[in-house]
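Student: For reference, this is input_37.tsv, and it has TSV, C-alpha atoms and all ligand atoms.
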```
chain	number	residue	atom	x	y	z
A	1	MET	CA	1.70	5.34	20.82
A	2	ALA	CA	2.27	6.89	17.39
A	3	ARG	CA	0.21	8.44	14.60
A	4	LEU	CA	0.94	6.48	11.42
A	5	LEU	CA	0.14	7.88	7.97
A	6	VAL	CA	-0.58	4.75	5.90
A	7	THR	CA	-0.68	5.39	2.15
A	8	GLY	CA	-2.64	2.85	0.10
A	9	GLY	CA	-4.42	1.68	3.25
A	10	ALA	CA	-7.58	0.73	1.34
A	11	GLY	CA	-5.63	-1.76	-0.79
A	12	PHE	CA	-4.80	-5.38	-0.03
A	13	ILE	CA	-1.71	-5.19	2.16
A	14	GLY	CA	-2.33	-1.68	3.49
A	15	SER	CA	-5.80	-2.62	4.81
A	16	ASN	CA	-4.43	-5.80	6.38
A	17	PHE	CA	-1.79	-3.57	8.05
A	18	ALA	CA	-4.49	-1.20	9.40
A	19	HIS	CA	-6.35	-4.18	10.93
A	20	PHE	CA	-3.09	-5.55	12.33
A	21	VAL	CA	-2.11	-2.21	13.90
A	22	VAL	CA	-5.52	-1.86	15.59
A	23	ASN	CA	-5.39	-5.43	16.89
A	24	HIS	CA	-1.76	-5.53	18.04
A	25	THR	CA	-0.64	-1.98	18.99
A	26	ASP	CA	-2.02	1.26	20.44
A	27	HIS	CA	-1.01	3.35	17.39
A	28	THR	CA	-3.55	5.38	15.44
A	29	VAL	CA	-3.73	5.29	11.64
A	30	ILE	CA	-4.53	7.91	9.02
A	31	VAL	CA	-5.18	6.15	5.71
A	32	LEU	CA	-4.47	8.19	2.57
A	33	ASP	CA	-5.88	6.41	-0.47
A	34	LYS	CA	-6.99	7.49	-3.95
A	35	LEU	CA	-9.46	4.58	-4.21
A	36	THR	CA	-8.33	3.48	-7.65
A	37	TYR	CA	-9.93	0.31	-9.06
A	38	ALA	CA	-7.74	-1.54	-6.47
A	39	GLY	CA	-8.83	0.43	-3.40
A	40	ASN	CA	-11.94	-0.47	-1.41
A	41	ARG	CA	-13.23	1.31	1.69
A	42	ALA	CA	-15.06	-1.87	2.64
A	43	SER	CA	-11.65	-3.37	3.45
A	44	LEU	CA	-11.51	-1.01	6.45
A	45	ALA	CA	-15.07	-1.73	7.64
A	46	GLY	CA	-15.40	-2.44	11.35
A	47	LEU	CA	-12.25	-0.57	12.37
A	48	PRO	CA	-12.90	1.95	15.18
A	49	ASP	CA	-13.18	5.63	14.10
A	50	ASP	CA	-11.02	6.76	17.01
A	51	ARG	CA	-8.14	4.57	15.78
A	52	VAL	CA	-8.43	4.78	11.96
A	53	GLN	CA	-9.20	7.91	9.97
A	54	PHE	CA	-9.72	7.78	6.19
A	55	VAL	CA	-8.60	10.53	3.80
A	56	HIS	CA	-9.51	10.22	0.12
A	57	GLY	CA	-6.67	11.63	-1.97
A	58	ASP	CA	-3.67	11.16	-4.21
A	59	ILE	CA	-0.09	10.74	-2.93
A	60	SER	CA	1.00	12.98	-5.83
A	61	ASN	CA	-0.98	15.92	-4.33
A	62	GLY	CA	1.85	17.89	-2.68
A	63	GLN	CA	-0.34	20.19	-0.56
A	64	LEU	CA	-2.48	17.38	0.82
A	65	VAL	CA	0.54	15.21	1.55
A	66	ASP	CA	2.29	18.10	3.29
A	67	ASP	CA	-0.74	18.79	5.52
A	68	LEU	CA	-1.08	15.13	6.53
A	69	MET	CA	2.63	14.69	7.11
A	70	SER	CA	2.71	17.66	9.51
A	71	SER	CA	0.63	15.71	12.05
A	72	ALA	CA	2.11	12.21	11.54
A	73	ASP	CA	4.91	10.58	13.55
A	74	ALA	CA	5.72	8.14	10.75
A	75	VAL	CA	4.66	7.29	7.20
A	76	VAL	CA	4.22	3.72	5.98
A	77	HIS	CA	4.07	3.96	2.21
A	78	TYR	CA	2.07	1.14	0.57
A	79	ALA	CA	0.26	3.11	-2.17
A	80	ALA	CA	1.21	1.89	-5.64
A	81	GLU	CA	-0.03	0.55	-8.90
A	82	SER	CA	0.72	-3.07	-8.07
A	83	HIS	CA	-0.28	-5.45	-10.86
A	84	ASN	CA	2.27	-6.67	-13.41
A	85	ASP	CA	-0.31	-7.52	-16.09
A	86	ASN	CA	-1.74	-3.98	-15.91
A	87	SER	CA	1.75	-2.52	-16.22
A	88	LEU	CA	2.29	-4.48	-19.43
A	89	ASP	CA	-1.02	-3.16	-20.79
A	90	ASP	CA	-0.54	0.51	-19.80
A	91	PRO	CA	2.57	1.55	-17.83
A	92	ARG	CA	1.65	5.26	-17.43
A	93	PRO	CA	-0.17	5.14	-14.06
A	94	PHE	CA	2.76	3.13	-12.68
A	95	LEU	CA	5.18	5.96	-13.44
A	96	ARG	CA	2.84	8.58	-11.97
A	97	THR	CA	2.02	6.84	-8.71
A	98	ASN	CA	5.07	4.71	-8.01
A	99	LEU	CA	7.67	7.32	-9.01
A	100	VAL	CA	6.08	10.80	-8.82
A	101	GLY	CA	3.91	9.79	-5.84
A	102	THR	CA	6.89	8.44	-3.89
A	103	PHE	CA	8.89	11.56	-4.77
A	104	THR	CA	6.04	13.77	-3.46
A	105	LEU	CA	5.93	11.89	-0.15
A	106	LEU	CA	9.72	12.00	0.23
A	107	GLU	CA	9.78	15.76	-0.28
A	108	ALA	CA	7.17	16.20	2.48
A	109	ALA	CA	9.08	13.83	4.78
A	110	ARG	CA	12.21	15.87	4.12
A	111	ARG	CA	10.46	19.13	5.06
A	112	HIS	CA	8.97	17.69	8.26
A	113	GLY	CA	11.79	15.29	9.22
A	114	THR	CA	9.22	12.47	9.33
A	115	ARG	CA	10.19	8.83	9.85
A	116	PHE	CA	9.49	7.09	6.51
A	117	HIS	CA	9.05	3.40	5.79
A	118	HIS	CA	8.89	2.42	2.13
A	119	ILE	CA	7.10	-0.79	1.17
A	120	SER	CA	8.64	-2.56	-1.81
A	121	THR	CA	8.88	-5.90	-3.50
A	122	ASP	CA	11.36	-8.69	-4.20
A	123	GLU	CA	10.62	-8.16	-7.92
A	124	VAL	CA	13.18	-5.33	-8.00
A	125	TYR	CA	15.86	-8.07	-8.06
A	126	GLY	CA	14.58	-9.70	-11.26
A	127	ASP	CA	14.30	-13.49	-11.18
A	128	LEU	CA	16.27	-16.61	-10.25
A	129	LYS	CA	16.69	-19.86	-12.13
A	130	LEU	CA	14.75	-22.92	-10.96
A	131	GLY	CA	16.99	-24.98	-8.67
A	132	ASP	CA	19.47	-22.14	-8.09
A	133	PRO	CA	20.62	-22.57	-4.46
A	134	HIS	CA	20.86	-18.76	-4.07
A	135	ARG	CA	18.03	-16.59	-2.80
A	136	PHE	CA	17.71	-12.79	-2.92
A	137	THR	CA	19.58	-10.89	-0.20
A	138	GLU	CA	19.87	-7.16	0.54
A	139	GLU	CA	23.06	-7.21	-1.60
A	140	THR	CA	21.49	-8.69	-4.76
A	141	PRO	CA	21.84	-6.21	-7.67
A	142	TYR	CA	18.66	-4.59	-8.95
A	143	ASN	CA	17.46	-6.10	-12.26
A	144	PRO	CA	13.71	-5.48	-12.67
A	145	SER	CA	11.83	-7.10	-15.58
A	146	SER	CA	8.42	-5.42	-15.91
A	147	PRO	CA	7.25	-1.79	-15.99
A	148	TYR	CA	5.76	-2.44	-12.52
A	149	SER	CA	8.99	-3.74	-11.00
A	150	ALA	CA	11.07	-1.08	-12.79
A	151	THR	CA	8.99	1.67	-11.17
A	152	LYS	CA	9.22	-0.02	-7.76
A	153	ALA	CA	13.01	-0.27	-8.21
A	154	GLY	CA	13.05	3.43	-9.14
A	155	SER	CA	11.04	4.32	-6.04
A	156	ASP	CA	13.48	2.37	-3.82
A	157	LEU	CA	16.39	4.28	-5.36
A	158	LEU	CA	14.63	7.60	-4.72
A	159	VAL	CA	14.26	6.65	-1.04
A	160	ARG	CA	17.95	5.73	-0.81
A	161	ALA	CA	18.95	9.05	-2.41
A	162	TRP	CA	16.69	11.06	-0.05
A	163	VAL	CA	18.30	9.30	2.92
A	164	ARG	CA	21.84	9.98	1.77
A	165	SER	CA	21.44	13.47	0.28
A	166	PHE	CA	18.80	14.98	2.58
A	167	GLY	CA	18.94	12.86	5.73
A	168	VAL	CA	15.34	11.61	5.48
A	169	PRO	CA	15.02	9.01	8.27
A	170	ALA	CA	13.85	6.17	6.05
A	171	THR	CA	13.93	2.38	5.88
A	172	ILE	CA	12.90	0.08	3.01
A	173	SER	CA	11.47	-3.43	3.00
A	174	ASN	CA	11.25	-5.74	-0.02
A	175	CYS	CA	8.70	-8.48	0.55
A	176	SER	CA	7.77	-11.60	-1.39
A	177	ASN	CA	4.28	-12.51	-2.69
A	178	ASN	CA	1.52	-11.93	-0.12
A	179	TYR	CA	-1.72	-13.84	0.28
A	180	GLY	CA	-4.68	-13.41	2.64
A	181	PRO	CA	-8.04	-11.61	2.84
A	182	TYR	CA	-8.90	-8.40	0.92
A	183	GLN	CA	-6.66	-9.20	-2.08
A	184	HIS	CA	-8.03	-8.00	-5.43
A	185	VAL	CA	-9.39	-10.77	-7.65
A	186	GLU	CA	-6.94	-9.82	-10.42
A	187	LYS	CA	-4.12	-11.48	-8.43
A	188	PHE	CA	-3.27	-15.18	-8.82
A	189	ILE	CA	-4.67	-16.79	-5.67
A	190	PRO	CA	-7.96	-14.82	-5.37
A	191	ARG	CA	-8.54	-15.12	-9.11
A	192	GLN	CA	-8.42	-18.90	-8.95
A	193	ILE	CA	-10.52	-19.13	-5.74
A	194	THR	CA	-13.24	-16.85	-7.14
A	195	ASN	CA	-13.15	-18.65	-10.50
A	196	VAL	CA	-13.96	-21.91	-8.72
A	197	LEU	CA	-16.69	-20.16	-6.68
A	198	ARG	CA	-18.16	-18.81	-9.95
A	199	GLY	CA	-17.98	-22.18	-11.75
A	200	LEU	CA	-15.12	-20.97	-13.99
A	201	ARG	CA	-11.90	-22.94	-14.50
A	202	PRO	CA	-8.68	-21.56	-12.92
A	203	LYS	CA	-6.18	-20.13	-15.42
A	204	LEU	CA	-2.49	-21.01	-15.27
A	205	TYR	CA	-0.03	-18.90	-17.28
A	206	GLY	CA	2.17	-21.10	-19.48
A	207	GLN	CA	3.21	-24.38	-17.87
A	208	GLY	CA	2.93	-23.02	-14.31
A	209	ARG	CA	6.55	-23.82	-13.41
A	210	ASN	CA	7.12	-20.26	-12.14
A	211	VAL	CA	7.89	-20.13	-8.43
A	212	ARG	CA	6.66	-17.52	-5.96
A	213	ASP	CA	7.71	-17.25	-2.29
A	214	TRP	CA	4.38	-16.92	-0.43
A	215	ILE	CA	3.92	-15.05	2.86
A	216	HIS	CA	0.70	-14.29	4.73
A	217	ALA	CA	-0.17	-10.56	4.80
A	218	ASP	CA	-0.23	-10.61	8.64
A	219	ASP	CA	3.39	-11.78	8.69
A	220	HIS	CA	4.28	-8.91	6.34
A	221	SER	CA	2.55	-6.52	8.78
A	222	SER	CA	4.39	-7.83	11.85
A	223	ALA	CA	7.71	-7.49	9.99
A	224	VAL	CA	6.94	-3.88	9.01
A	225	LEU	CA	6.09	-3.02	12.63
A	226	ALA	CA	9.39	-4.61	13.75
A	227	ILE	CA	11.31	-2.47	11.24
A	228	LEU	CA	9.43	0.70	12.26
A	229	ASP	CA	10.23	-0.08	15.86
A	230	SER	CA	13.87	-1.11	15.67
A	231	GLY	CA	15.09	-1.05	12.05
A	232	ARG	CA	18.24	0.95	11.38
A	233	ILE	CA	17.75	4.17	9.37
A	234	GLY	CA	18.99	3.89	5.79
A	235	GLU	CA	18.78	0.08	5.82
A	236	THR	CA	16.88	-2.31	3.57
A	237	TYR	CA	15.27	-5.46	5.02
A	238	LEU	CA	14.03	-8.39	2.94
A	239	ILE	CA	10.80	-9.99	4.21
A	240	GLY	CA	9.99	-13.62	3.42
A	241	ALA	CA	8.69	-16.75	5.14
A	242	ASP	CA	10.37	-19.65	3.29
A	243	GLY	CA	7.22	-20.20	1.22
A	244	GLU	CA	8.47	-21.20	-2.24
A	245	LYS	CA	5.83	-22.99	-4.37
A	246	ASP	CA	5.36	-23.28	-8.11
A	247	ASN	CA	2.10	-21.96	-9.56
A	248	LYS	CA	0.92	-25.40	-10.71
A	249	THR	CA	1.22	-26.73	-7.15
A	250	VAL	CA	-0.76	-23.76	-5.80
A	251	VAL	CA	-3.58	-24.08	-8.34
A	252	GLU	CA	-3.85	-27.82	-7.68
A	253	LEU	CA	-3.94	-27.19	-3.93
A	254	ILE	CA	-6.72	-24.61	-4.30
A	255	LEU	CA	-8.78	-27.03	-6.41
A	256	THR	CA	-8.22	-29.89	-3.95
A	257	ILE	CA	-9.12	-27.81	-0.88
A	258	MET	CA	-12.26	-26.64	-2.72
A	259	GLY	CA	-13.31	-30.21	-3.47
A	260	GLN	CA	-12.60	-30.14	-7.22
A	261	PRO	CA	-10.42	-32.47	-9.34
A	262	ALA	CA	-6.82	-31.23	-9.10
A	263	ASP	CA	-6.48	-30.98	-12.91
A	264	ALA	CA	-9.66	-28.92	-13.54
A	265	TYR	CA	-7.77	-25.84	-14.77
A	266	ASP	CA	-6.76	-24.31	-18.14
A	267	HIS	CA	-3.32	-23.37	-19.43
A	268	VAL	CA	-3.50	-19.86	-20.95
A	269	THR	CA	-1.13	-17.46	-22.75
A	270	ASP	CA	1.99	-16.80	-20.67
A	271	ARG	CA	2.78	-13.32	-19.29
A	272	ALA	CA	5.32	-11.38	-21.39
A	273	GLY	CA	8.75	-11.40	-19.72
A	274	HIS	CA	7.33	-13.65	-16.95
A	275	ASP	CA	9.79	-13.85	-14.03
A	276	LEU	CA	10.67	-17.48	-13.37
A	277	ARG	CA	11.39	-17.59	-9.65
A	278	TYR	CA	11.49	-15.31	-6.62
A	279	ALA	CA	13.02	-16.45	-3.33
A	280	ILE	CA	13.91	-14.41	-0.25
A	281	ASN	CA	16.70	-14.96	2.26
A	282	PRO	CA	15.22	-13.23	5.34
A	283	SER	CA	18.27	-13.77	7.63
A	284	LYS	CA	18.94	-10.07	8.25
A	285	LEU	CA	15.39	-9.40	9.46
A	286	ARG	CA	15.37	-12.52	11.63
A	287	GLU	CA	18.82	-12.13	13.14
A	288	GLU	CA	18.88	-8.36	13.60
A	289	LEU	CA	15.27	-7.79	14.67
A	290	GLY	CA	14.30	-11.25	15.94
A	291	TRP	CA	11.26	-11.41	13.61
A	292	GLN	CA	9.56	-14.76	12.95
A	293	PRO	CA	6.54	-15.54	10.72
A	294	ARG	CA	3.42	-16.84	12.49
A	295	TYR	CA	1.92	-18.61	9.43
A	296	ARG	CA	4.25	-21.54	8.84
A	297	ASP	CA	1.83	-23.90	7.10
A	298	PHE	CA	0.84	-22.59	3.65
A	299	GLU	CA	-2.04	-25.05	3.31
A	300	ASP	CA	-3.61	-23.80	6.58
A	301	GLY	CA	-3.25	-20.15	5.54
A	302	LEU	CA	-4.64	-20.93	2.09
A	303	THR	CA	-7.62	-22.81	3.57
A	304	ALA	CA	-8.44	-19.79	5.76
A	305	THR	CA	-8.10	-17.47	2.76
A	306	ILE	CA	-10.44	-19.64	0.67
A	307	ALA	CA	-12.98	-19.54	3.54
A	308	TRP	CA	-12.71	-15.74	3.63
A	309	TYR	CA	-13.58	-15.46	-0.10
A	310	GLN	CA	-16.44	-17.94	0.37
A	311	ASP	CA	-17.82	-15.81	3.23
A	312	ASN	CA	-17.26	-12.40	1.63
A	313	GLU	CA	-18.67	-12.60	-1.87
A	314	GLU	CA	-20.21	-9.11	-1.51
A	315	TRP	CA	-16.63	-7.77	-1.13
A	316	TRP	CA	-15.22	-9.30	-4.34
A	317	ALA	CA	-18.24	-9.83	-6.64
A	318	PRO	CA	-18.43	-6.18	-7.87
A	319	THR	CA	-14.93	-6.42	-9.40
A	320	LYS	CA	-15.01	-9.97	-10.81
A	321	ASP	CA	-16.67	-9.41	-14.20
A	322	ALA	CA	-14.48	-6.44	-15.20
A	323	THR	CA	-11.36	-8.37	-14.15
A	324	GLU	CA	-12.27	-11.41	-16.25
A	325	ALA	CA	-13.16	-9.15	-19.22
A	326	PHE	CA	-9.66	-7.63	-18.98
A	327	TYR	CA	-8.03	-11.07	-18.96
A	328	ALA	CA	-10.23	-12.28	-21.82
A	329	ARG	CA	-8.96	-9.37	-23.96
A	330	LEU	CA	-5.36	-10.51	-23.23
A	331	GLY	CA	-6.14	-14.18	-23.92
A	332	GLN	CA	-5.40	-14.98	-20.28
A	401	LIG	P1	-3.14	-2.96	-4.13
A	401	LIG	O1	-3.15	-2.67	-5.58
A	401	LIG	O2	-4.08	-3.97	-3.56
A	401	LIG	O3	-3.41	-1.59	-3.33
A	401	LIG	C1	-2.85	-0.37	-3.71
A	401	LIG	C2	-3.62	0.76	-3.00
A	401	LIG	O4	-3.00	2.01	-3.33
A	401	LIG	C3	-5.09	0.86	-3.44
A	401	LIG	O5	-5.93	1.03	-2.31
A	401	LIG	C4	-5.11	2.11	-4.32
A	401	LIG	O6	-6.36	2.79	-4.31
A	401	LIG	C5	-4.00	2.94	-3.69
A	401	LIG	N1	-3.41	3.91	-4.62
A	401	LIG	C6	-2.99	3.67	-5.89
A	401	LIG	N2	-2.53	4.81	-6.44
A	401	LIG	C7	-2.65	5.79	-5.48
A	401	LIG	C8	-2.32	7.15	-5.43
A	401	LIG	N3	-1.78	7.78	-6.49
A	401	LIG	N4	-2.58	7.85	-4.30
A	401	LIG	C9	-3.13	7.24	-3.21
A	401	LIG	N5	-3.46	5.93	-3.21
A	401	LIG	C10	-3.21	5.22	-4.33
A	401	LIG	O7	-1.63	-3.31	-3.78
A	401	LIG	P2	-1.02	-4.29	-2.68
A	401	LIG	O8	-0.90	-5.64	-3.25
A	401	LIG	O9	-1.73	-4.09	-1.40
A	401	LIG	O10	0.45	-3.69	-2.57
A	401	LIG	C11	0.73	-2.65	-1.62
A	401	LIG	C12	2.21	-2.34	-1.66
A	401	LIG	O11	2.95	-3.51	-1.33
A	401	LIG	C13	2.72	-1.90	-3.03
A	401	LIG	O12	3.66	-0.87	-2.84
A	401	LIG	C14	3.38	-3.14	-3.61
A	401	LIG	O13	4.41	-2.79	-4.49
A	401	LIG	C15	3.92	-3.78	-2.34
A	401	LIG	N6	4.10	-5.23	-2.39
A	401	LIG	C16	3.06	-6.04	-2.75
A	401	LIG	C17	3.22	-7.42	-2.72
A	401	LIG	C18	2.09	-8.36	-3.07
A	401	LIG	O14	2.28	-9.57	-3.05
A	401	LIG	N7	0.88	-7.88	-3.35
A	401	LIG	C19	4.46	-7.97	-2.36
A	401	LIG	C20	5.51	-7.11	-2.02
A	401	LIG	C21	5.31	-5.74	-2.02
A	402	LIG	O1	-4.43	-15.92	-13.58
A	402	LIG	C1	-3.22	-15.97	-13.31
A	402	LIG	N1	-2.53	-17.10	-13.60
A	402	LIG	C2	-1.20	-17.25	-13.33
A	402	LIG	O2	-0.63	-18.31	-13.62
A	402	LIG	C3	-2.52	-14.87	-12.67
A	402	LIG	C4	-3.25	-13.61	-12.34
A	402	LIG	C5	-1.18	-15.04	-12.37
A	402	LIG	N2	-0.53	-16.19	-12.70
A	402	LIG	C6	0.88	-16.36	-12.31
A	402	LIG	C7	1.81	-15.21	-12.63
A	402	LIG	C8	2.81	-15.30	-11.49
A	402	LIG	O3	3.82	-16.25	-11.79
A	402	LIG	O4	0.88	-16.46	-10.88
A	402	LIG	C9	2.01	-15.81	-10.31
A	402	LIG	C10	1.55	-14.72	-9.36
A	402	LIG	O5	0.95	-13.71	-10.15
A	402	LIG	P1	0.42	-12.33	-9.50
A	402	LIG	O6	-0.58	-12.62	-8.44
A	402	LIG	O7	0.03	-11.43	-10.61
A	402	LIG	O8	1.72	-11.82	-8.71
A	402	LIG	P2	3.21	-11.43	-9.19
A	402	LIG	O9	3.26	-11.02	-10.60
A	402	LIG	O10	4.12	-12.51	-8.72
A	402	LIG	O11	3.43	-10.09	-8.28
A	402	LIG	C11	2.93	-10.05	-6.92
A	402	LIG	O12	3.99	-10.23	-6.00
A	402	LIG	C12	4.95	-9.21	-5.94
A	402	LIG	C13	2.23	-8.72	-6.66
A	402	LIG	O13	1.18	-8.55	-7.60
A	402	LIG	C14	3.20	-7.58	-6.72
A	402	LIG	O14	2.55	-6.36	-6.36
A	402	LIG	C15	4.31	-7.85	-5.76
A	402	LIG	O15	5.30	-6.85	-5.90
```
Here is the file; what I need is its structure written in the form of structure tokens.
Tutor:
Amino acid sequence: MARLLVTGGAGFIGSNFAHFVVNHTDHTVIVLDKLTYAGNRASLAGLPDDRVQFVHGDISNGQLVDDLMSSADAVVHYAAESHNDNSLDDPRPFLRTNLVGTFTLLEAARRHGTRFHHISTDEVYGDLKLGDPHRFTEETPYNPSSPYSATKAGSDLLVRAWVRSFGVPATISNCSNNYGPYQHVEKFIPRQITNVLRGLRPKLYGQGRNVRDWIHADDHSSAVLAILDSGRIGETYLIGADGEKDNKTVVELILTIMGQPADAYDHVTDRAGHDLRYAINPSKLREELGWQPRYRDFEDGLTATIAWYQDNEEWWAPTKDATEAFYARLGQ
């Protein structure tokens, strides 16, 4: 049994991780979260107080981070500004949280010798061409495209430097696009589901040929636990579940599952610098740690996710109007 400090645990993937830890391990969790527009305490509702403690605060607050780190066995660092479209509109919070925040946590981990797991993204590798037989591996050179992915790449490099120069016992994982419950309605899949539920038409950037490699958030969580348990210090592990789909296919599937005509969506202004394709080769994780995804059928996972948004309107409704107003200003 371990005490895990989970940064960003009121966000999408961090809250799914807290639920997963409670349901599948005997670890306890201390969530540290600033509750930005993307954080929501309701995502942790129902979790037992004796297993999950919530601390409201900023990962850039050195004193707070130091205090929390002194009683933790390991840190799992999810907290970030996470949305590409926001980073194109105003990159500043991305530099503060993703770079200075990660630096602050690393310094505390260095002082306390705390096991550190850094959560990152496949976007640090840039994009692939459609039809390219190659997928990203741990050896792919970094080539980020957006302010978001550039700051995530920077945070990964900080972790690597703190391992090599100061001996911080850290690992890194770079995961592909997650889907599942508790995802903010600004992101692609929840935006389209909640549009349909609101009687609005889904919005596809450009022609929708861009490919994302989808993985269920629970499969991300089980991979992170496997790395925490038996990953080698200083190593990077790519996490993916062979889930490549283009955006047009996903939007048509959402509409079909929700009983709408498959073409009842709008094409809108494309994202600036829009990455064409992400694809993960997860061989290292599978062969070294024996990890396997549980969600193998995207349509089943998507159907369950749609049902969750149908059943939990009170969770997403408070953020929907502001999100659509933001997109309307961008013409998206
Ligand atoms: P999210 O935006 O849903 O959640 C981020 C959380 O971090 C929020 O609860 C927010 O309040 C908190 N936070 C932000 N700034 C903070 C700060 N300064 N101090 C403390 N808390 C702060 O993001 P997500 O989609 O759950 O992503 C979580 C992590 O996983 C990120 O590091 C992201 O880069 C990574 N990741 C995401 C995906 C994906 O598909 N969403 C894929 C791969 C990796
Ligand atoms: O309304 C939309 N229409 C649309 O076509 C939105 C919001 C998005 N898109 C497209 C853009 C992307 O090609 O859908 C794809 C997915 O978009 P996002 O959900 O914004 O995700 P993406 O930019 O791929 O990044 C996500 O995966 C990697 C997460 O937001 C990142 O945090 C993670 O690092």
Student: Please build the interface table for chain A against ligand LIG 402 (chain A) with a cut-off of 6 Å, listing for each qualifying residue the nearest atom pair and the distance in Å to one decimal; count only C-alpha atoms and all ligand atoms, order rows by chain and increasing number, and write it as JSON lines.
Tutor:
```
{"residue": "A:Ser82", "atom": "CA", "partner": "A:LIG402", "partner_atom": "O14", "distance": 4.1}
{"residue": "A:His83", "atom": "CA", "partner": "A:LIG402", "partner_atom": "O13", "distance": 4.7}
{"residue": "A:Asn84", "atom": "CA", "partner": "A:LIG402", "partner_atom": "O9", "distance": 5.3}
{"residue": "A:Thr121", "atom": "CA", "partner": "A:LIG402", "partner_atom": "O15", "distance": 4.4}
{"residue": "A:Glu123", "atom": "CA", "partner": "A:LIG402", "partner_atom": "O15", "distance": 5.8}
{"residue": "A:Ser176", "atom": "CA", "partner": "A:LIG402", "partner_atom": "C12", "distance": 5.9}
{"residue": "A:Asn177", "atom": "CA", "partner": "A:LIG402", "partner_atom": "O12", "distance": 4.0}
{"residue": "A:Glu186", "atom": "CA", "partner": "A:LIG402", "partner_atom": "C4", "distance": 5.6}
{"residue": "A:Lys187", "atom": "CA", "partner": "A:LIG402", "partner_atom": "O6", "distance": 3.7}
{"residue": "A:Phe188", "atom": "CA", "partner": "A:LIG402", "partner_atom": "O6", "distance": 3.7}
{"residue": "A:Lys203", "atom": "CA", "partner": "A:LIG402", "partner_atom": "O1", "distance": 4.9}
{"residue": "A:Leu204", "atom": "CA", "partner": "A:LIG402", "partner_atom": "O2", "distance": 3.7}
{"residue": "A:Tyr205", "atom": "CA", "partner": "A:LIG402", "partner_atom": "O2", "distance": 3.8}
{"residue": "A:Gly208", "atom": "CA", "partner": "A:LIG402", "partner_atom": "O2", "distance": 5.9}
{"residue": "A:Asn210", "atom": "CA", "partner": "A:LIG402", "partner_atom": "O3", "distance": 5.2}
{"residue": "A:Asn247", "atom": "CA", "partner": "A:LIG402", "partner_atom": "O4", "distance": 5.8}
```
Student: Mind checking which residues fall within 7 Å of A:Pro93, counting only C-alpha atoms, ignoring those fewer than 3 positions away in the same chain, and posting them as a list in words?
Tutor: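 Here the answer would be Glu81, Arg96 and Thr97 of chain A.
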Student: Find the axis-aligned box for ligand LIG 401 (chain A), covering all its listed atoms and adding 3 Å on each side, and write its centre and edge lengths in Å to one decimal as AutoDock Vina command-line options.
Tutor:
```
--center_x -0.4 --center_y -0.9 --center_z -3.9 --size_x 17.9 --size_y 23.4 --size_z 11.2
```
Student: Which residue out of A:Met1, A:Val224, A:Val22, A:Ile254 has the minimum interatomic distance to ligand LIG 401 (chain A) when all atoms listed in the file are used?
Tutor: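 Ranked by minimum distance to ligand LIG 401 (chain A), first place goes to A:Val224.
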Student: Which of these residues is nearest to A:Arg212, using all atoms listed in the file: A:His184, A:Arg164, A:Arg277, A:Lys248?
Tutor: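 For A:Arg212, the nearest of the candidates is A:Arg277.
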Student: Would you mind telling me which residue in A:Ser149, A:Thr323, A:Ser120, A:Thr137 lies nearest to ligand LIG 401 (chain A) when using only C-alpha atoms and all ligand atoms?
Tutor: A:Ser120
Student: Pick out the residues sitting within 8 Å of stretch 99-106 of chain A, and hand them over as a list in words; count only C-alpha atoms, and ignore anything fewer than 5 positions along from it in its own chain.
Tutor: Asp58, Ile59, Ser60, Asn61, Gly62, Val65, Asp66, Phe94, Phe116, Thr151, Lys152, Gly154, Ser155, Leu158, Val159, Trp162 and Val168 of chain A
Student: Keeping only C-alpha atoms, take the residues you just selected and write them out as a PDB file, in the frame of the given file.
Tutor:
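Okay, result-v3.pdb is ready:
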```pdb
ATOM      1  CA  ASP A  58      -3.670  11.160  -4.210  1.00  0.00           C
ATOM      2  CA  ILE A  59      -0.090  10.740  -2.930  1.00  0.00           C
ATOM      3  CA  SER A  60       1.000  12.980  -5.830  1.00  0.00           C
ATOM      4  CA  ASN A  61      -0.980  15.920  -4.330  1.00  0.00           C
ATOM      5  CA  GLY A  62       1.850  17.890  -2.680  1.00  0.00           C
ATOM      6  CA  VAL A  65       0.540  15.210   1.550  1.00  0.00           C
ATOM      7  CA  ASP A  66       2.290  18.100   3.290  1.00  0.00           C
ATOM      8  CA  PHE A  94       2.760   3.130 -12.680  1.00  0.00           C
ATOM      9  CA  PHE A 116       9.490   7.090   6.510  1.00  0.00           C
ATOM     10  CA  THR A 151       8.990   1.670 -11.170  1.00  0.00           C
ATOM     11  CA  LYS A 152       9.220  -0.020  -7.760  1.00  0.00           C
ATOM     12  CA  GLY A 154      13.050   3.430  -9.140  1.00  0.00           C
ATOM     13  CA  SER A 155      11.040   4.320  -6.040  1.00  0.00           C
ATOM     14  CA  LEU A 158      14.630   7.600  -4.720  1.00  0.00           C
ATOM     15  CA  VAL A 159      14.260   6.650  -1.040  1.00  0.00           C
ATOM     16  CA  TRP A 162      16.690  11.060  -0.050  1.00  0.00           C
ATOM     17  CA  VAL A 168      15.340  11.610   5.480  1.00  0.00           C
TER      18      VAL A 168
END
```
Student: From the list A:Ala38, A:Ala217, A:Leu253, A:Leu330, which residue is nearest ligand LIG 401 (chain A) when using only C-alpha atoms and all ligand atoms?
Tutor: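 Nearest to ligand LIG 401 (chain A): A:Ala38.
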Student: Do you know which residues are at most 12 Å from A:His56 counting all atoms listed in the file, after dropping those on the same chain fewer than 6 positions away, and could you put them as JSON, numbers by chain?
Tutor: {"A": [6, 7, 8, 9, 10, 30, 31, 32, 33, 34, 35, 36, 39, 40, 41, 64, 65, 68]}
